[in-house]
Each structure stands twice: as structure tokens, then as C-alpha cells.
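Data block for protein.txt (compact mmCIF, N, CA and C atoms):
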# COMPACT_ATOMS: atom_id res chain seq x y z
N MET A 1 0.84 -1.18 0.00
CA MET A 1 0.00 0.00 0.00
C MET A 1 0.88 1.24 0.00
N GLU A 2 0.88 1.93 -1.01
CA GLU A 2 1.65 3.14 -1.18
C GLU A 2 3.07 3.00 -0.64
N ASP A 3 3.41 3.66 0.46
CA ASP A 3 4.78 3.64 0.98
C ASP A 3 4.97 2.62 2.10
N THR A 4 4.06 1.70 2.24
CA THR A 4 4.14 0.72 3.32
C THR A 4 4.78 -0.57 2.81
N THR A 5 5.74 -1.08 3.56
CA THR A 5 6.39 -2.33 3.22
C THR A 5 6.11 -3.33 4.34
N VAL A 6 5.69 -4.51 3.99
CA VAL A 6 5.42 -5.57 4.97
C VAL A 6 6.50 -6.62 4.81
N CYS A 7 7.17 -6.94 5.91
CA CYS A 7 8.20 -7.97 5.92
C CYS A 7 7.73 -9.10 6.82
N SER A 8 8.02 -10.32 6.42
CA SER A 8 7.67 -11.45 7.26
C SER A 8 8.74 -12.52 7.12
N ARG A 9 8.68 -13.47 8.02
CA ARG A 9 9.65 -14.55 8.02
C ARG A 9 8.93 -15.82 8.42
N LEU A 10 9.22 -16.91 7.80
CA LEU A 10 8.63 -18.19 8.12
C LEU A 10 9.34 -18.76 9.35
N TYR A 11 8.56 -19.06 10.40
CA TYR A 11 9.14 -19.64 11.61
C TYR A 11 9.61 -21.06 11.32
N GLU A 12 10.70 -21.42 11.96
CA GLU A 12 11.25 -22.76 11.81
C GLU A 12 11.26 -23.46 13.16
N GLY A 13 11.28 -24.77 13.14
CA GLY A 13 11.40 -25.52 14.38
C GLY A 13 10.18 -26.38 14.65
N GLU A 14 10.23 -27.06 15.79
CA GLU A 14 9.16 -27.95 16.21
C GLU A 14 8.10 -27.16 16.97
N PHE A 15 6.86 -27.37 16.63
CA PHE A 15 5.76 -26.73 17.33
C PHE A 15 4.93 -27.79 18.04
N ILE A 16 4.20 -27.36 19.04
CA ILE A 16 3.35 -28.27 19.81
C ILE A 16 2.29 -28.86 18.89
N ASN A 17 2.12 -30.17 18.98
CA ASN A 17 1.06 -30.84 18.25
C ASN A 17 -0.23 -30.62 19.03
N VAL A 18 -1.13 -29.83 18.48
CA VAL A 18 -2.37 -29.46 19.16
C VAL A 18 -3.16 -30.69 19.60
N ASN A 19 -3.15 -31.72 18.79
CA ASN A 19 -3.92 -32.93 19.13
C ASN A 19 -3.40 -33.62 20.38
N ASN A 20 -2.14 -33.37 20.74
CA ASN A 20 -1.58 -33.99 21.94
C ASN A 20 -1.89 -33.23 23.22
N ILE A 21 -2.26 -31.95 23.14
CA ILE A 21 -2.52 -31.19 24.37
C ILE A 21 -4.00 -31.09 24.71
N ILE A 22 -4.87 -31.45 23.77
CA ILE A 22 -6.30 -31.39 24.04
C ILE A 22 -6.75 -32.76 24.56
N PRO A 23 -7.21 -32.81 25.81
CA PRO A 23 -7.63 -34.09 26.39
C PRO A 23 -8.76 -34.74 25.57
N LYS A 24 -8.74 -36.07 25.56
CA LYS A 24 -9.77 -36.82 24.83
C LYS A 24 -10.92 -37.28 25.73
N SER A 25 -10.64 -37.42 27.03
CA SER A 25 -11.68 -37.84 27.98
C SER A 25 -11.57 -36.96 29.22
N PHE A 26 -12.68 -36.94 29.99
CA PHE A 26 -12.76 -36.03 31.13
C PHE A 26 -13.40 -36.73 32.32
N THR A 27 -13.04 -36.29 33.53
CA THR A 27 -13.64 -36.85 34.74
C THR A 27 -14.86 -36.05 35.18
N CYS A 28 -15.02 -34.84 34.65
CA CYS A 28 -16.13 -33.97 35.01
C CYS A 28 -16.52 -33.11 33.81
N GLU A 29 -17.81 -33.08 33.50
CA GLU A 29 -18.32 -32.20 32.46
C GLU A 29 -19.57 -31.51 32.96
N VAL A 30 -19.69 -30.22 32.69
CA VAL A 30 -20.88 -29.48 33.05
C VAL A 30 -21.44 -28.79 31.83
N ILE A 31 -22.75 -28.69 31.79
CA ILE A 31 -23.42 -27.87 30.79
C ILE A 31 -24.06 -26.73 31.57
N VAL A 32 -23.78 -25.51 31.12
CA VAL A 32 -24.22 -24.33 31.85
C VAL A 32 -24.74 -23.29 30.88
N ASN A 33 -25.72 -22.52 31.35
CA ASN A 33 -26.23 -21.40 30.56
C ASN A 33 -25.12 -20.38 30.45
N LYS A 34 -24.74 -20.05 29.23
CA LYS A 34 -23.60 -19.16 29.01
C LYS A 34 -23.81 -17.80 29.63
N GLU A 35 -25.00 -17.23 29.48
CA GLU A 35 -25.25 -15.88 29.98
C GLU A 35 -25.21 -15.84 31.51
N SER A 36 -25.78 -16.84 32.17
CA SER A 36 -25.73 -16.90 33.64
C SER A 36 -24.30 -16.98 34.14
N LEU A 37 -23.50 -17.82 33.51
CA LEU A 37 -22.11 -17.95 33.93
C LEU A 37 -21.33 -16.68 33.63
N LYS A 38 -21.55 -16.08 32.47
CA LYS A 38 -20.86 -14.85 32.08
C LYS A 38 -21.16 -13.73 33.08
N GLU A 39 -22.43 -13.57 33.46
CA GLU A 39 -22.79 -12.53 34.42
C GLU A 39 -22.12 -12.77 35.77
N SER A 40 -22.10 -14.01 36.21
CA SER A 40 -21.48 -14.35 37.49
C SER A 40 -19.97 -14.11 37.44
N VAL A 41 -19.34 -14.52 36.36
CA VAL A 41 -17.90 -14.29 36.19
C VAL A 41 -17.59 -12.80 36.15
N ASP A 42 -18.41 -12.03 35.43
CA ASP A 42 -18.19 -10.58 35.34
C ASP A 42 -18.25 -9.92 36.71
N ARG A 43 -19.24 -10.30 37.52
CA ARG A 43 -19.36 -9.71 38.86
C ARG A 43 -18.18 -10.09 39.75
N ALA A 44 -17.82 -11.36 39.73
CA ALA A 44 -16.71 -11.82 40.57
C ALA A 44 -15.38 -11.25 40.08
N ALA A 45 -15.26 -11.02 38.78
CA ALA A 45 -14.01 -10.51 38.21
C ALA A 45 -13.72 -9.08 38.63
N VAL A 46 -14.74 -8.33 39.03
CA VAL A 46 -14.51 -6.95 39.48
C VAL A 46 -13.51 -6.94 40.63
N LEU A 47 -13.69 -7.83 41.58
CA LEU A 47 -12.74 -7.93 42.70
C LEU A 47 -11.48 -8.65 42.30
N ALA A 48 -11.61 -9.67 41.46
CA ALA A 48 -10.44 -10.46 41.07
C ALA A 48 -9.41 -9.60 40.35
N ARG A 49 -9.86 -8.61 39.62
CA ARG A 49 -8.93 -7.76 38.86
C ARG A 49 -8.06 -6.89 39.76
N THR A 50 -8.46 -6.74 41.02
CA THR A 50 -7.62 -5.97 41.95
C THR A 50 -6.43 -6.80 42.40
N ASP A 51 -6.50 -8.10 42.22
CA ASP A 51 -5.41 -9.01 42.57
C ASP A 51 -4.52 -9.19 41.34
N LYS A 52 -3.22 -9.44 41.51
CA LYS A 52 -2.32 -9.50 40.36
C LYS A 52 -2.60 -10.67 39.42
N ASN A 53 -3.19 -11.76 39.91
CA ASN A 53 -3.45 -12.92 39.07
C ASN A 53 -4.89 -13.02 38.57
N SER A 54 -5.77 -12.18 39.04
CA SER A 54 -7.18 -12.18 38.62
C SER A 54 -7.81 -13.58 38.73
N ILE A 55 -7.68 -14.19 39.89
CA ILE A 55 -8.11 -15.58 40.07
C ILE A 55 -9.57 -15.69 40.51
N LEU A 56 -10.29 -16.58 39.82
CA LEU A 56 -11.62 -17.00 40.23
C LEU A 56 -11.55 -18.49 40.54
N THR A 57 -12.26 -18.91 41.58
CA THR A 57 -12.32 -20.33 41.91
C THR A 57 -13.70 -20.85 41.58
N PHE A 58 -13.74 -21.99 40.90
CA PHE A 58 -14.99 -22.64 40.52
C PHE A 58 -15.07 -23.95 41.30
N ASP A 59 -16.10 -24.07 42.14
CA ASP A 59 -16.31 -25.26 42.95
C ASP A 59 -17.59 -25.92 42.45
N ILE A 60 -17.43 -27.05 41.77
CA ILE A 60 -18.56 -27.72 41.12
C ILE A 60 -18.94 -28.95 41.93
N LYS A 61 -20.17 -28.93 42.44
CA LYS A 61 -20.72 -30.04 43.21
C LYS A 61 -22.19 -30.20 42.85
N GLU A 62 -22.59 -31.45 42.67
CA GLU A 62 -23.97 -31.77 42.32
C GLU A 62 -24.38 -30.94 41.11
N ASP A 63 -25.42 -30.16 41.19
CA ASP A 63 -25.85 -29.35 40.04
C ASP A 63 -25.62 -27.87 40.30
N ASN A 64 -24.49 -27.55 40.95
CA ASN A 64 -24.19 -26.17 41.31
C ASN A 64 -22.71 -25.86 41.04
N MET A 65 -22.47 -24.68 40.48
CA MET A 65 -21.11 -24.19 40.30
C MET A 65 -20.98 -22.91 41.11
N ALA A 66 -20.15 -22.96 42.16
CA ALA A 66 -19.89 -21.77 42.96
C ALA A 66 -18.73 -21.02 42.32
N VAL A 67 -18.92 -19.74 42.07
CA VAL A 67 -17.89 -18.88 41.48
C VAL A 67 -17.45 -17.93 42.59
N THR A 68 -16.18 -17.99 42.97
CA THR A 68 -15.69 -17.23 44.12
C THR A 68 -14.47 -16.40 43.74
N SER A 69 -14.45 -15.20 44.26
CA SER A 69 -13.28 -14.33 44.17
C SER A 69 -12.99 -13.86 45.59
N ASN A 70 -11.76 -14.07 46.04
CA ASN A 70 -11.39 -13.71 47.41
C ASN A 70 -10.09 -12.91 47.36
N THR A 71 -10.19 -11.59 47.55
CA THR A 71 -9.01 -10.73 47.51
C THR A 71 -8.95 -9.88 48.77
N SER A 72 -7.92 -9.06 48.87
CA SER A 72 -7.79 -8.18 50.02
C SER A 72 -8.90 -7.12 50.04
N MET A 73 -9.53 -6.87 48.88
CA MET A 73 -10.61 -5.88 48.78
C MET A 73 -11.96 -6.44 49.23
N GLY A 74 -12.10 -7.77 49.26
CA GLY A 74 -13.36 -8.37 49.65
C GLY A 74 -13.54 -9.74 49.03
N ARG A 75 -14.75 -10.26 49.18
CA ARG A 75 -15.06 -11.61 48.71
C ARG A 75 -16.38 -11.59 47.96
N VAL A 76 -16.43 -12.34 46.86
CA VAL A 76 -17.66 -12.52 46.09
C VAL A 76 -17.94 -14.01 45.99
N ASP A 77 -19.16 -14.40 46.29
CA ASP A 77 -19.61 -15.78 46.13
C ASP A 77 -20.86 -15.76 45.25
N GLU A 78 -20.77 -16.39 44.11
CA GLU A 78 -21.89 -16.50 43.17
C GLU A 78 -22.22 -17.98 43.03
N SER A 79 -23.43 -18.27 42.62
CA SER A 79 -23.84 -19.65 42.39
C SER A 79 -24.58 -19.74 41.06
N VAL A 80 -24.18 -20.72 40.25
CA VAL A 80 -24.78 -20.92 38.93
C VAL A 80 -25.24 -22.37 38.83
N HIS A 81 -26.45 -22.57 38.34
CA HIS A 81 -26.98 -23.92 38.15
C HIS A 81 -26.30 -24.57 36.93
N VAL A 82 -25.87 -25.82 37.08
CA VAL A 82 -25.24 -26.57 35.99
C VAL A 82 -25.84 -27.98 35.94
N LEU A 83 -25.64 -28.63 34.81
CA LEU A 83 -25.92 -30.06 34.69
C LEU A 83 -24.57 -30.76 34.76
N LEU A 84 -24.36 -31.56 35.79
CA LEU A 84 -23.06 -32.18 36.04
C LEU A 84 -23.07 -33.64 35.64
N GLU A 85 -22.01 -34.04 34.92
CA GLU A 85 -21.75 -35.45 34.63
C GLU A 85 -20.35 -35.74 35.16
N GLY A 86 -20.23 -36.69 36.07
CA GLY A 86 -18.91 -37.06 36.58
C GLY A 86 -18.67 -36.58 37.99
N LYS A 87 -17.38 -36.47 38.33
CA LYS A 87 -16.96 -36.14 39.69
C LYS A 87 -17.02 -34.65 39.96
N ASP A 88 -17.12 -34.30 41.25
CA ASP A 88 -17.01 -32.91 41.68
C ASP A 88 -15.59 -32.43 41.41
N VAL A 89 -15.44 -31.12 41.20
CA VAL A 89 -14.11 -30.56 40.97
C VAL A 89 -14.06 -29.12 41.48
N THR A 90 -12.91 -28.74 41.97
CA THR A 90 -12.63 -27.35 42.33
C THR A 90 -11.41 -26.93 41.54
N ILE A 91 -11.52 -25.80 40.82
CA ILE A 91 -10.43 -25.35 39.96
C ILE A 91 -10.36 -23.83 39.99
N SER A 92 -9.15 -23.30 39.89
CA SER A 92 -8.95 -21.85 39.84
C SER A 92 -8.54 -21.45 38.43
N LEU A 93 -9.19 -20.40 37.91
CA LEU A 93 -8.90 -19.92 36.55
C LEU A 93 -8.70 -18.42 36.57
N ASN A 94 -7.96 -17.92 35.62
CA ASN A 94 -7.79 -16.48 35.45
C ASN A 94 -9.10 -15.91 34.94
N SER A 95 -9.63 -14.90 35.61
CA SER A 95 -10.93 -14.33 35.25
C SER A 95 -10.94 -13.76 33.84
N LYS A 96 -9.80 -13.23 33.39
CA LYS A 96 -9.72 -12.67 32.04
C LYS A 96 -9.90 -13.74 30.99
N TYR A 97 -9.27 -14.89 31.19
CA TYR A 97 -9.32 -15.95 30.19
C TYR A 97 -10.72 -16.53 30.06
N ILE A 98 -11.34 -16.87 31.18
CA ILE A 98 -12.70 -17.43 31.11
C ILE A 98 -13.68 -16.38 30.60
N GLY A 99 -13.50 -15.12 31.00
CA GLY A 99 -14.38 -14.05 30.53
C GLY A 99 -14.28 -13.83 29.03
N GLU A 100 -13.06 -13.85 28.49
CA GLU A 100 -12.89 -13.67 27.05
C GLU A 100 -13.53 -14.81 26.27
N CYS A 101 -13.41 -16.03 26.76
CA CYS A 101 -14.04 -17.17 26.09
C CYS A 101 -15.56 -17.00 26.07
N LEU A 102 -16.14 -16.67 27.21
CA LEU A 102 -17.59 -16.52 27.29
C LEU A 102 -18.07 -15.35 26.44
N ASN A 103 -17.30 -14.27 26.35
CA ASN A 103 -17.69 -13.13 25.51
C ASN A 103 -17.68 -13.48 24.03
N ALA A 104 -16.84 -14.41 23.63
CA ALA A 104 -16.72 -14.77 22.22
C ALA A 104 -17.79 -15.77 21.76
N VAL A 105 -18.49 -16.38 22.70
CA VAL A 105 -19.45 -17.43 22.39
C VAL A 105 -20.84 -16.84 22.15
N SER A 106 -21.50 -17.31 21.08
CA SER A 106 -22.86 -16.82 20.81
C SER A 106 -23.94 -17.83 21.20
N GLU A 107 -23.55 -19.07 21.51
CA GLU A 107 -24.50 -20.11 21.89
C GLU A 107 -25.14 -19.80 23.25
N ASP A 108 -26.32 -20.39 23.48
CA ASP A 108 -27.02 -20.18 24.74
C ASP A 108 -26.40 -20.96 25.89
N SER A 109 -25.87 -22.14 25.60
CA SER A 109 -25.25 -22.95 26.65
C SER A 109 -23.91 -23.50 26.16
N VAL A 110 -23.04 -23.76 27.12
CA VAL A 110 -21.71 -24.29 26.81
C VAL A 110 -21.43 -25.51 27.68
N ARG A 111 -20.50 -26.31 27.21
CA ARG A 111 -20.01 -27.46 27.97
C ARG A 111 -18.59 -27.12 28.43
N ILE A 112 -18.34 -27.32 29.71
CA ILE A 112 -16.99 -27.14 30.23
C ILE A 112 -16.55 -28.49 30.78
N SER A 113 -15.39 -28.96 30.31
CA SER A 113 -14.90 -30.29 30.66
C SER A 113 -13.60 -30.18 31.45
N PHE A 114 -13.50 -30.99 32.52
CA PHE A 114 -12.39 -30.90 33.45
C PHE A 114 -11.76 -32.27 33.70
N ASN A 115 -10.48 -32.25 34.08
CA ASN A 115 -9.78 -33.45 34.54
C ASN A 115 -9.07 -33.18 35.86
N GLY A 116 -9.63 -32.31 36.67
CA GLY A 116 -9.04 -32.01 37.96
C GLY A 116 -8.56 -30.57 38.05
N ALA A 117 -8.04 -30.23 39.22
CA ALA A 117 -7.69 -28.85 39.54
C ALA A 117 -6.45 -28.35 38.80
N PHE A 118 -5.59 -29.26 38.32
CA PHE A 118 -4.32 -28.83 37.73
C PHE A 118 -4.20 -29.15 36.25
N ALA A 119 -5.28 -29.63 35.64
CA ALA A 119 -5.27 -29.96 34.22
C ALA A 119 -6.06 -28.91 33.44
N PRO A 120 -5.71 -28.67 32.19
CA PRO A 120 -6.46 -27.70 31.39
C PRO A 120 -7.93 -28.10 31.29
N CYS A 121 -8.80 -27.11 31.21
CA CYS A 121 -10.21 -27.40 30.97
C CYS A 121 -10.55 -26.95 29.55
N ILE A 122 -11.61 -27.51 29.03
CA ILE A 122 -12.04 -27.25 27.65
C ILE A 122 -13.44 -26.67 27.68
N LEU A 123 -13.64 -25.57 26.95
CA LEU A 123 -14.96 -24.96 26.81
C LEU A 123 -15.39 -25.16 25.36
N THR A 124 -16.52 -25.82 25.16
CA THR A 124 -17.05 -26.12 23.83
C THR A 124 -18.55 -25.83 23.82
N PRO A 125 -19.18 -25.85 22.63
CA PRO A 125 -20.64 -25.71 22.62
C PRO A 125 -21.27 -26.95 23.27
N SER A 126 -22.45 -26.79 23.83
CA SER A 126 -23.12 -27.95 24.46
C SER A 126 -23.49 -28.98 23.40
N GLU A 127 -23.66 -28.54 22.17
CA GLU A 127 -23.92 -29.45 21.05
C GLU A 127 -23.07 -29.02 19.87
N GLY A 128 -22.42 -29.97 19.24
CA GLY A 128 -21.60 -29.66 18.07
C GLY A 128 -20.16 -29.38 18.45
N ASP A 129 -19.42 -28.89 17.46
CA ASP A 129 -17.99 -28.64 17.68
C ASP A 129 -17.52 -27.38 16.94
N SER A 130 -18.33 -26.35 16.97
CA SER A 130 -18.02 -25.13 16.22
C SER A 130 -16.88 -24.31 16.83
N PHE A 131 -16.51 -24.58 18.08
CA PHE A 131 -15.38 -23.91 18.71
C PHE A 131 -14.86 -24.77 19.84
N LEU A 132 -13.63 -24.47 20.26
CA LEU A 132 -13.00 -25.15 21.37
C LEU A 132 -12.01 -24.18 22.00
N TYR A 133 -12.18 -23.91 23.29
CA TYR A 133 -11.25 -23.07 24.03
C TYR A 133 -10.56 -23.92 25.08
N LEU A 134 -9.25 -23.86 25.11
CA LEU A 134 -8.44 -24.56 26.09
C LEU A 134 -8.02 -23.51 27.13
N ILE A 135 -8.38 -23.73 28.39
CA ILE A 135 -8.07 -22.77 29.45
C ILE A 135 -7.20 -23.46 30.49
N LEU A 136 -6.04 -22.87 30.72
CA LEU A 136 -5.12 -23.45 31.72
C LEU A 136 -5.50 -22.97 33.11
N PRO A 137 -5.42 -23.85 34.10
CA PRO A 137 -5.75 -23.45 35.47
C PRO A 137 -4.62 -22.66 36.11
N VAL A 138 -4.93 -22.04 37.22
CA VAL A 138 -3.95 -21.31 38.03
C VAL A 138 -3.73 -22.13 39.29
N ARG A 139 -2.47 -22.42 39.59
CA ARG A 139 -2.17 -23.15 40.84
C ARG A 139 -2.29 -22.19 42.00
N THR A 140 -3.03 -22.60 43.01
CA THR A 140 -3.19 -21.80 44.21
C THR A 140 -2.73 -22.60 45.41
N THR A 141 -2.40 -21.91 46.46
CA THR A 141 -2.03 -22.58 47.71
C THR A 141 -3.21 -22.49 48.65
N ALA A 142 -3.90 -23.58 48.79
CA ALA A 142 -5.07 -23.59 49.66
C ALA A 142 -5.15 -24.88 50.43
Show me the file's structure as C-alpha cells.
Amino acid sequence: MEDTTVCSRLYEGEFINVNNIIPKSFTCEVIVNKESLKESVDRAAVLARTDKNSILTFDIKEDNMAVTSNTSMGRVDESVHVLLEGKDVTISLNSKYIGECLNAVSEDSVRISFNGAFAPCILTPSEGDSFLYLILPVRTTA
């Protein structure tokens, strides 16, 4: 474009095989209304953003997902109804990452799949495979 020059370079080397980092099976899967979860995450993230890691904790038991933010500024406890398949799980995630995933989704409900507190979780549509978000957990000392 006129006086603009674009330079690029082809990267070389070994890259991560995406198929090897995406889990094939899960110990816990929940289906949740996207808007309910997004609103709960947004409210809890207000306090989480005051902390350097922006951590939210998700405690999934029976048909309930507790969304918690606990910082020096205060504490937020939210509860969202979910459909649970598998074991209970408690996991900590960066509020920015989960929020960005939920903001990008247009479906009414999403499936979130877990393999424990220290393994990546997967956010997909509740039906179909039109998207897949891999979210890494945050290790906490609790």
C-alpha cells in the first residue's frame, strides 16, 4: 500500500502438536447457561482484577457451580446452576481468560470439561464442535 512495506519470516522448528494437548476424555463435564455464567464471572471478576493474578475459583458439586473471588478488597460468592456429569471438581482460573471465552461465544449454553484442579479445561458448545477453548488453570495454595 503506497509507501508501506510488509516484511515477514517463516518460523522454523518444532511446534506443539495441538492434538496432543487437548484431552480426549474427562472426569467432570458441566453444561451451563452461558449468559448466567458470564454474568457471574463478570461480577466476581470486578474484585479479582484488583489481585495480580485475577483468580476465580470454581467449585462444582452436584448441580451447582460456585464462582468465588477472594481478595484483600473483599469476597464474592456466586452460584450458577449446571448439569453435572462425573466427579465434583474445584479449579482456579484467570478471570480474564474465562471471561474472554464466554464473551466470544454466541450459543445459549456451553459445555466445560475438566480433569481435575491442575489440568487444562475445555470450553465447547453444548452441542456440536463449532469452537473449542483450552483454558489453563492457576495453581493456588489452599
**Item:** Selected residue of minimal separation from Ser36 (chain A) among A:Val80, A:Ile98, A:Leu132, A:Ile21, counting all atoms listed in the file
**Value:**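 Ranking A:Val80, A:Ile98, A:Leu132, A:Ile21 by distance to Ser36 (chain A), first place goes to A:Val80.
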**Message:** Just list as a ChimeraX atom specification whatever in chain A DSSP marks as strand (DSSP E).
**Reply:** /A:28-33,55-61,64-71,74-86,89-94,109-114,121-125,133-135
**Request:** Mind checking which residues fall within 9 Å of Ser109 (chain A), counting only C-alpha atoms, ignoring those fewer than 5 positions away in the same chain, and posting them as a list of chain:residue names?
**Result:**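 In the requested form, the answer reads A:Ile31, A:Val32, A:Asn33, A:Lys34, A:Glu35, A:Pro125, A:Ser126, A:Glu127.
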**Prompt:** So which one's closest to Thr90 (chain A), A:Gly128, A:Gly116, A:Pro137, A:Gly74? Using only C-alpha atoms, please.
**Reply:**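 When distances to Thr90 (chain A) are compared using only C-alpha atoms, the smallest one comes from A:Gly116.
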**Item:** Residue neighbourhood Pro120 (chain A), 6.5 Å, all atoms listed in the file, exclusion window fewer than 4 positions, as a list in words
**Value:** Ser113, Phe114, Asn115, Leu134, Ile135, Leu136 and Pro137 of chain A
Since we have the selection now, will you write its residues out, keeping N, CA and C atoms, as a PDB file, in the coordinates of the input?
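Here's the written file selection08.pdb:
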ATOM      1  N   SER A 113     -15.390 -28.960  30.310  1.00  0.00           N
ATOM      2  CA  SER A 113     -14.900 -30.290  30.660  1.00  0.00           C
ATOM      3  C   SER A 113     -13.600 -30.180  31.450  1.00  0.00           C
ATOM      4  N   PHE A 114     -13.500 -30.990  32.520  1.00  0.00           N
ATOM      5  CA  PHE A 114     -12.390 -30.900  33.450  1.00  0.00           C
ATOM      6  C   PHE A 114     -11.760 -32.270  33.700  1.00  0.00           C
ATOM      7  N   ASN A 115     -10.480 -32.250  34.080  1.00  0.00           N
ATOM      8  CA  ASN A 115      -9.780 -33.450  34.540  1.00  0.00           C
ATOM      9  C   ASN A 115      -9.070 -33.180  35.860  1.00  0.00           C
ATOM     10  N   LEU A 134      -9.250 -23.860  25.110  1.00  0.00           N
ATOM     11  CA  LEU A 134      -8.440 -24.560  26.090  1.00  0.00           C
ATOM     12  C   LEU A 134      -8.020 -23.510  27.130  1.00  0.00           C
ATOM     13  N   ILE A 135      -8.380 -23.730  28.390  1.00  0.00           N
ATOM     14  CA  ILE A 135      -8.070 -22.770  29.450  1.00  0.00           C
ATOM     15  C   ILE A 135      -7.200 -23.460  30.490  1.00  0.00           C
ATOM     16  N   LEU A 136      -6.040 -22.870  30.720  1.00  0.00           N
ATOM     17  CA  LEU A 136      -5.120 -23.450  31.720  1.00  0.00           C
ATOM     18  C   LEU A 136      -5.500 -22.970  33.110  1.00  0.00           C
ATOM     19  N   PRO A 137      -5.420 -23.850  34.100  1.00  0.00           N
ATOM     20  CA  PRO A 137      -5.750 -23.450  35.470  1.00  0.00           C
ATOM     21  C   PRO A 137      -4.620 -22.660  36.110  1.00  0.00           C
TER      22      PRO A 137
END
**Filtered DSSP result for chain A, state helix (DSSP H, G or I), as a ChimeraX atom specification** = /A:18-21,34-48,95-104
**Request:** Quote the spacing between CA of Cys121 (chain A) and CA of Glu78 (chain A) in Å to one decimal place.
**Result:**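 According to the coordinates, CA of Cys121 (chain A) and CA of Glu78 (chain A) are separated by 20.1 Å.
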**Point-to-point distance in Å for atom C of Tyr97 (chain A) and atom N of Thr124 (chain A)** =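 Going from atom N of Thr124 (chain A) over to atom C of Tyr97 (chain A), I get 12.0 Å.
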Emit as JSON the padded axis-aligned box for all listed atoms of region 125-132 of chain A, 6 Å per side, with centre and edge lengths in Å to one decimal.
{"center_x": -18.0, "center_y": -26.9, "center_z": 20.3, "size_x": 23.9, "size_y": 18.1, "size_z": 20.2}
**Pick from A:Val110, A:Met73, A:Ala117, A:Val67, whichever lies nearest to Ile91 (chain A) using only C-alpha atoms** =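 For Ile91 (chain A), the nearest of the given residues is A:Ala117.
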**Request:** Please write as a list in words the list of polymer residues whose atoms come within 7 Å of (-12.3, -21.4, 42.0), counting all atoms listed in the file and keeping to the coordinates of the file.
**Result:**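 It turns out the residues near that spot are Ile55, Leu56, Thr57, Phe58, Asp59, Ala66, Val67, Thr68, Ser69, Thr90, Ile91, Ser92 and Leu93 of chain A.
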**Message:** Report as a VMD selection string all protein, DNA and RNA residues lying within 8 Å of Glu62 (chain A), evaluated on all atoms listed in the file, omitting residues in the same chain fewer than 3 positions from it.
**Reply:** chain A and resid 59 65 81 to 89
**One-decimal distance in Å that lies between CA of Phe118 (chain A) and atom N of Ile22 (chain A)** =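 Between these atoms lies a distance of 14.2 Å.
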